[in-house]
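What follows is a set of notes on a single structure, which appears directly below.
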Amino acid sequence: MRAVVQNDKSRASGRASTGVRIVLAVLGLAVIASGCAQDDGSDLVAPAGGQQPLDAPPARALDSYATRLRAAHAARTAAAHRWDLRKVPLTAPPAPAEKPRIRTRKGFEVDGHRRLNLPPVFTTVPTRNKVVFLTIDDGAEKDRAFLRMMSDLDVPYTAFLSGYLVKDDTRYFRTMQSRGVVLNNHTLHHPNLRGLSYRAQKREICGMQRYMEKRFGKRPALFRPPFGSYDRATLRAAKACGIAYVPLWNEEVFADRWEYREANRKLRPGDIVLTHFRGRDQWKGTMTDMVRRFLNKVTAQGYAVGRLEDYL
Ligand SMILES: [Zn+2]
């Protein structure tokens, strides 16, 4: 019963937050620079008495700007409350003006990686910003509440889809795409690629590129091998299919737990976090339980969720 109530509320707020997002887009970087905490608009008040500088916006525009800032913050707080988050998620800093140089993680290279200019394989994006990136794989579960939650909270993520899992409901993923999520390649049939022939690997990767172009109108630039398992043929095939990056992950979040690649069990700036489109039949909870677990941990450690594409 509670879930039904929450769904109805979140549908209404989904509409509201679309408005908020438009406002945020219009206000651009200024909103991010000001942050949510600053909602008294004190630095936005026009100088008292005397004349305003010629290029200053009129006082009325500044008032409405402050009002919109307050509204955006209020919407974010309300959304966090609605979805039972412990804290309001932090706002990510603006996209870096200069893209970081992405290199293959030590120990993840294949023979001739550099000489052949093969796509970099990495688990963390070099940045000092306290951001992590959420990536979601496969596509078995098509959870509508998850879409509402992510729109409502305005949390970015990147999807890696496998053709055989998404083909029964590509509309679900087109909806996601229309909300700004970038859809990427995770092969046609999700095989363990390592050890397969170059031709077989190319069929899986290039085949999915063609499928993505047909169904979603774009050939992805990102590819993630199933199980994170690859060899030199994988990267050669990926490159031949037009892939520029092979992001893996440093942590994995489930509906009921986290798993870390590193022993220190801590998030680091630029970490890529993996999760999956899964439902109750595949793990202990729902997609929204997973997002709640993810955001609670990330926010508690002082991290915002960034857009991976902003850094590539
Ligand atoms: Zn997978």
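By convention here, the chains of the structure tokens are called A, B, ... in the order presented, each chain's residues are numbered starting at 1, and ligands are numbered starting at 1 in the order presented.
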
Close residues to ligand 1 using only C-alpha atoms and all ligand atoms, limit 12 Å, as a PyMOL selection string | chain A and resi 135-140+159-165+184-193+223-229+248+274-278

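Remark: for Asp111 (chain A), the closest of the candidate residues A:Asp63, A:Asp231, A:Asp169, A:Asp152 is A:Asp231 (distances computed over only C-alpha atoms).
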
Would you list the contacts of Asp256 (chain A) as an MDAnalysis selection string, taking every protein, DNA or RNA residue within 9 Å and counting only C-alpha atoms, but skipping same-chain residues closer than 5 positions in sequence?
-> chainID A and resid 283:285 289:290 293

Separating CA of Tyr230 (chain A) from CA of Ala200 (chain A), to the nearest tenth of an Å, is a gap of 12.9 Å

Using backbone DSSP assignments, extract all strand (DSSP E or B) residues from region 100-242 of chain A; output them as a PyMOL selection string.
-> chain A and resi 121-122+124+131-138+158-161+182-185+222-223

Convert the current residue selection to file output with N, CA and C atoms, as a PDB file, in the first residue's frame.
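That gives us out05.pdb:
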ATOM      1  N   VAL A 121      40.994   1.024 -20.584  1.00  0.00           N
ATOM      2  CA  VAL A 121      40.170   0.239 -19.658  1.00  0.00           C
ATOM      3  C   VAL A 121      40.421   0.822 -18.270  1.00  0.00           C
ATOM      4  N   PHE A 122      39.387   1.334 -17.605  1.00  0.00           N
ATOM      5  CA  PHE A 122      39.622   2.068 -16.352  1.00  0.00           C
ATOM      6  C   PHE A 122      38.484   1.821 -15.372  1.00  0.00           C
ATOM      7  N   THR A 124      38.317   4.162 -12.504  1.00  0.00           N
ATOM      8  CA  THR A 124      38.190   5.462 -11.836  1.00  0.00           C
ATOM      9  C   THR A 124      38.531   6.538 -12.849  1.00  0.00           C
ATOM     10  N   VAL A 131      33.183  13.284  -6.607  1.00  0.00           N
ATOM     11  CA  VAL A 131      32.062  12.706  -7.358  1.00  0.00           C
ATOM     12  C   VAL A 131      32.325  11.227  -7.607  1.00  0.00           C
ATOM     13  N   VAL A 132      31.262  10.466  -7.677  1.00  0.00           N
ATOM     14  CA  VAL A 132      31.333   9.090  -8.168  1.00  0.00           C
ATOM     15  C   VAL A 132      30.320   8.983  -9.310  1.00  0.00           C
ATOM     16  N   PHE A 133      30.448   7.924 -10.117  1.00  0.00           N
ATOM     17  CA  PHE A 133      29.593   7.755 -11.288  1.00  0.00           C
ATOM     18  C   PHE A 133      28.830   6.446 -11.166  1.00  0.00           C
ATOM     19  N   LEU A 134      27.529   6.511 -11.430  1.00  0.00           N
ATOM     20  CA  LEU A 134      26.694   5.315 -11.341  1.00  0.00           C
ATOM     21  C   LEU A 134      26.490   4.731 -12.737  1.00  0.00           C
ATOM     22  N   THR A 135      26.818   3.446 -12.891  1.00  0.00           N
ATOM     23  CA  THR A 135      26.623   2.769 -14.177  1.00  0.00           C
ATOM     24  C   THR A 135      25.753   1.536 -13.947  1.00  0.00           C
ATOM     25  N   ILE A 136      24.783   1.318 -14.837  1.00  0.00           N
ATOM     26  CA  ILE A 136      23.808   0.245 -14.620  1.00  0.00           C
ATOM     27  C   ILE A 136      23.785  -0.674 -15.837  1.00  0.00           C
ATOM     28  N   ASP A 137      23.946  -1.975 -15.585  1.00  0.00           N
ATOM     29  CA  ASP A 137      24.174  -2.942 -16.666  1.00  0.00           C
ATOM     30  C   ASP A 137      22.998  -3.877 -16.949  1.00  0.00           C
ATOM     31  N   ASP A 138      23.058  -4.470 -18.114  1.00  0.00           N
ATOM     32  CA  ASP A 138      22.213  -5.567 -18.608  1.00  0.00           C
ATOM     33  C   ASP A 138      20.858  -5.072 -19.118  1.00  0.00           C
ATOM     34  N   THR A 158      24.569   6.118 -16.182  1.00  0.00           N
ATOM     35  CA  THR A 158      24.892   5.685 -17.534  1.00  0.00           C
ATOM     36  C   THR A 158      24.523   4.210 -17.645  1.00  0.00           C
ATOM     37  N   ALA A 159      23.874   3.831 -18.746  1.00  0.00           N
ATOM     38  CA  ALA A 159      23.403   2.445 -18.881  1.00  0.00           C
ATOM     39  C   ALA A 159      24.251   1.673 -19.893  1.00  0.00           C
ATOM     40  N   PHE A 160      24.485   0.393 -19.602  1.00  0.00           N
ATOM     41  CA  PHE A 160      25.174  -0.521 -20.518  1.00  0.00           C
ATOM     42  C   PHE A 160      24.224  -1.677 -20.802  1.00  0.00           C
ATOM     43  N   LEU A 161      23.723  -1.729 -22.038  1.00  0.00           N
ATOM     44  CA  LEU A 161      22.625  -2.642 -22.352  1.00  0.00           C
ATOM     45  C   LEU A 161      23.080  -3.836 -23.178  1.00  0.00           C
ATOM     46  N   VAL A 182      22.635   8.335 -21.141  1.00  0.00           N
ATOM     47  CA  VAL A 182      23.327   7.825 -22.320  1.00  0.00           C
ATOM     48  C   VAL A 182      23.337   6.292 -22.262  1.00  0.00           C
ATOM     49  N   LEU A 183      22.899   5.671 -23.386  1.00  0.00           N
ATOM     50  CA  LEU A 183      22.804   4.211 -23.461  1.00  0.00           C
ATOM     51  C   LEU A 183      24.036   3.677 -24.189  1.00  0.00           C
ATOM     52  N   ASN A 184      24.657   2.661 -23.605  1.00  0.00           N
ATOM     53  CA  ASN A 184      25.902   2.140 -24.162  1.00  0.00           C
ATOM     54  C   ASN A 184      25.853   0.634 -24.418  1.00  0.00           C
ATOM     55  N   ASN A 185      26.966   0.140 -24.954  1.00  0.00           N
ATOM     56  CA  ASN A 185      27.059  -1.232 -25.480  1.00  0.00           C
ATOM     57  C   ASN A 185      27.549  -2.227 -24.413  1.00  0.00           C
ATOM     58  N   LEU A 222      30.886   4.054 -25.604  1.00  0.00           N
ATOM     59  CA  LEU A 222      31.346   3.302 -24.437  1.00  0.00           C
ATOM     60  C   LEU A 222      30.905   1.848 -24.551  1.00  0.00           C
ATOM     61  N   PHE A 223      31.796   0.965 -24.150  1.00  0.00           N
ATOM     62  CA  PHE A 223      31.503  -0.473 -24.160  1.00  0.00           C
ATOM     63  C   PHE A 223      31.992  -1.081 -22.862  1.00  0.00           C
TER      64      PHE A 223
END

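Atom pair CA of Pro119 (chain A) / CA of Gly207 (chain A) has a distance of 18.3 Å (rounded to one decimal).
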
Contacts of Ala240 (chain A) at 12 Å (only C-alpha atoms; same-chain gap of 4+ positions) as a ChimeraX atom specification | /A:116-119,198-199,201-203,205-207,209,221,233-236,244

Once you have the residues from the selection above, write them out as a PDB file, in the first residue's frame, restricted to N, CA, C and O atoms.
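Result file follows (again04.pdb):
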ATOM      1  N   LEU A 116      48.919  -0.163 -30.273  1.00  0.00           N
ATOM      2  CA  LEU A 116      47.749  -0.324 -31.137  1.00  0.00           C
ATOM      3  C   LEU A 116      46.682   0.742 -30.872  1.00  0.00           C
ATOM      4  O   LEU A 116      45.643   0.748 -31.514  1.00  0.00           O
ATOM      5  N   ASN A 117      46.988   1.628 -29.902  1.00  0.00           N
ATOM      6  CA  ASN A 117      46.038   2.695 -29.558  1.00  0.00           C
ATOM      7  C   ASN A 117      44.648   2.124 -29.234  1.00  0.00           C
ATOM      8  O   ASN A 117      43.625   2.605 -29.751  1.00  0.00           O
ATOM      9  N   LEU A 118      44.631   1.085 -28.405  1.00  0.00           N
ATOM     10  CA  LEU A 118      43.356   0.440 -28.041  1.00  0.00           C
ATOM     11  C   LEU A 118      42.629   1.287 -26.995  1.00  0.00           C
ATOM     12  O   LEU A 118      43.251   2.056 -26.266  1.00  0.00           O
ATOM     13  N   PRO A 119      41.305   1.167 -26.910  1.00  0.00           N
ATOM     14  CA  PRO A 119      40.553   2.000 -25.958  1.00  0.00           C
ATOM     15  C   PRO A 119      41.004   1.755 -24.516  1.00  0.00           C
ATOM     16  O   PRO A 119      41.318   0.617 -24.144  1.00  0.00           O
ATOM     17  N   TYR A 198      38.379 -13.392 -32.512  1.00  0.00           N
ATOM     18  CA  TYR A 198      38.192 -11.972 -32.833  1.00  0.00           C
ATOM     19  C   TYR A 198      36.873 -11.777 -33.586  1.00  0.00           C
ATOM     20  O   TYR A 198      36.100 -10.871 -33.287  1.00  0.00           O
ATOM     21  N   ARG A 199      36.607 -12.662 -34.546  1.00  0.00           N
ATOM     22  CA  ARG A 199      35.375 -12.518 -35.351  1.00  0.00           C
ATOM     23  C   ARG A 199      34.128 -12.652 -34.497  1.00  0.00           C
ATOM     24  O   ARG A 199      33.169 -11.906 -34.648  1.00  0.00           O
ATOM     25  N   GLN A 201      33.867 -12.074 -31.304  1.00  0.00           N
ATOM     26  CA  GLN A 201      33.764 -10.905 -30.412  1.00  0.00           C
ATOM     27  C   GLN A 201      33.254  -9.691 -31.183  1.00  0.00           C
ATOM     28  O   GLN A 201      32.426  -8.928 -30.688  1.00  0.00           O
ATOM     29  N   LYS A 202      33.747  -9.561 -32.419  1.00  0.00           N
ATOM     30  CA  LYS A 202      33.327  -8.420 -33.240  1.00  0.00           C
ATOM     31  C   LYS A 202      31.829  -8.519 -33.561  1.00  0.00           C
ATOM     32  O   LYS A 202      31.122  -7.502 -33.581  1.00  0.00           O
ATOM     33  N   ARG A 203      31.366  -9.739 -33.786  1.00  0.00           N
ATOM     34  CA  ARG A 203      29.922  -9.907 -34.055  1.00  0.00           C
ATOM     35  C   ARG A 203      29.096  -9.429 -32.868  1.00  0.00           C
ATOM     36  O   ARG A 203      28.084  -8.763 -33.022  1.00  0.00           O
ATOM     37  N   ILE A 205      30.003  -7.238 -30.483  1.00  0.00           N
ATOM     38  CA  ILE A 205      30.152  -5.797 -30.187  1.00  0.00           C
ATOM     39  C   ILE A 205      29.609  -4.939 -31.337  1.00  0.00           C
ATOM     40  O   ILE A 205      28.776  -4.058 -31.115  1.00  0.00           O
ATOM     41  N   CYS A 206      30.066  -5.215 -32.571  1.00  0.00           N
ATOM     42  CA  CYS A 206      29.565  -4.426 -33.708  1.00  0.00           C
ATOM     43  C   CYS A 206      28.070  -4.683 -33.915  1.00  0.00           C
ATOM     44  O   CYS A 206      27.327  -3.775 -34.290  1.00  0.00           O
ATOM     45  N   GLY A 207      27.633  -5.917 -33.678  1.00  0.00           N
ATOM     46  CA  GLY A 207      26.211  -6.236 -33.812  1.00  0.00           C
ATOM     47  C   GLY A 207      25.379  -5.382 -32.866  1.00  0.00           C
ATOM     48  O   GLY A 207      24.320  -4.872 -33.233  1.00  0.00           O
ATOM     49  N   GLN A 209      26.327  -2.470 -31.679  1.00  0.00           N
ATOM     50  CA  GLN A 209      26.409  -1.075 -32.158  1.00  0.00           C
ATOM     51  C   GLN A 209      25.303  -0.821 -33.190  1.00  0.00           C
ATOM     52  O   GLN A 209      24.604   0.183 -33.132  1.00  0.00           O
ATOM     53  N   ALA A 221      29.724   5.219 -27.695  1.00  0.00           N
ATOM     54  CA  ALA A 221      31.176   5.390 -27.640  1.00  0.00           C
ATOM     55  C   ALA A 221      31.767   4.565 -26.492  1.00  0.00           C
ATOM     56  O   ALA A 221      32.971   4.404 -26.387  1.00  0.00           O
ATOM     57  N   ALA A 233      41.730  -9.353 -28.166  1.00  0.00           N
ATOM     58  CA  ALA A 233      40.761  -9.390 -29.273  1.00  0.00           C
ATOM     59  C   ALA A 233      39.535  -8.539 -28.948  1.00  0.00           C
ATOM     60  O   ALA A 233      38.960  -7.892 -29.827  1.00  0.00           O
ATOM     61  N   THR A 234      39.141  -8.518 -27.677  1.00  0.00           N
ATOM     62  CA  THR A 234      37.983  -7.708 -27.271  1.00  0.00           C
ATOM     63  C   THR A 234      38.230  -6.232 -27.573  1.00  0.00           C
ATOM     64  O   THR A 234      37.386  -5.549 -28.152  1.00  0.00           O
ATOM     65  N   LEU A 235      39.413  -5.770 -27.169  1.00  0.00           N
ATOM     66  CA  LEU A 235      39.699  -4.342 -27.325  1.00  0.00           C
ATOM     67  C   LEU A 235      39.936  -3.991 -28.790  1.00  0.00           C
ATOM     68  O   LEU A 235      39.564  -2.897 -29.237  1.00  0.00           O
ATOM     69  N   ARG A 236      40.525  -4.925 -29.542  1.00  0.00           N
ATOM     70  CA  ARG A 236      40.705  -4.684 -30.982  1.00  0.00           C
ATOM     71  C   ARG A 236      39.341  -4.629 -31.665  1.00  0.00           C
ATOM     72  O   ARG A 236      39.079  -3.754 -32.496  1.00  0.00           O
ATOM     73  N   ALA A 244      35.325   4.093 -27.979  1.00  0.00           N
ATOM     74  CA  ALA A 244      36.432   4.946 -27.539  1.00  0.00           C
ATOM     75  C   ALA A 244      36.879   4.634 -26.101  1.00  0.00           C
ATOM     76  O   ALA A 244      38.025   4.879 -25.748  1.00  0.00           O
TER      77      ALA A 244
END

For Ile102 (chain A), the closest of A:Arg210, A:Met287, A:Leu308, A:Val181 counting only C-alpha atoms is A:Leu308

Nearest candidate to Ala300 (chain A) (options A:Lys99, A:Tyr211, A:Arg115, A:Lys266; using only C-alpha atoms) = A:Lys266

Compare A:Lys167, A:Arg265, A:Lys239, A:Arg179 by their minimum atom-to-atom distance to Lys214 (chain A), counting only C-alpha atoms, and give me the closest one.
-> A:Lys167

Enumerate as a PyMOL selection string all residues of region 67-158 of chain A assigned to helix (DSSP H, G or I) by DSSP on the backbone, naming them with the chain letters and numbers the document uses.
-> chain A and resi 67-82+144-153

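Comparing A:Ala97, A:Leu147, A:Pro156, A:Phe216 by their smallest distance to Arg174 (chain A), the closest is A:Phe216 (using only C-alpha atoms).
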
Go through A:Gly242, A:Arg144, A:Lys297, A:Arg82 one by one, measure the shortest atom-to-atom distance of each to Trp258 (chain A) using only C-alpha atoms, and give the residue with the smallest value.
->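 Closest candidate: A:Lys297.
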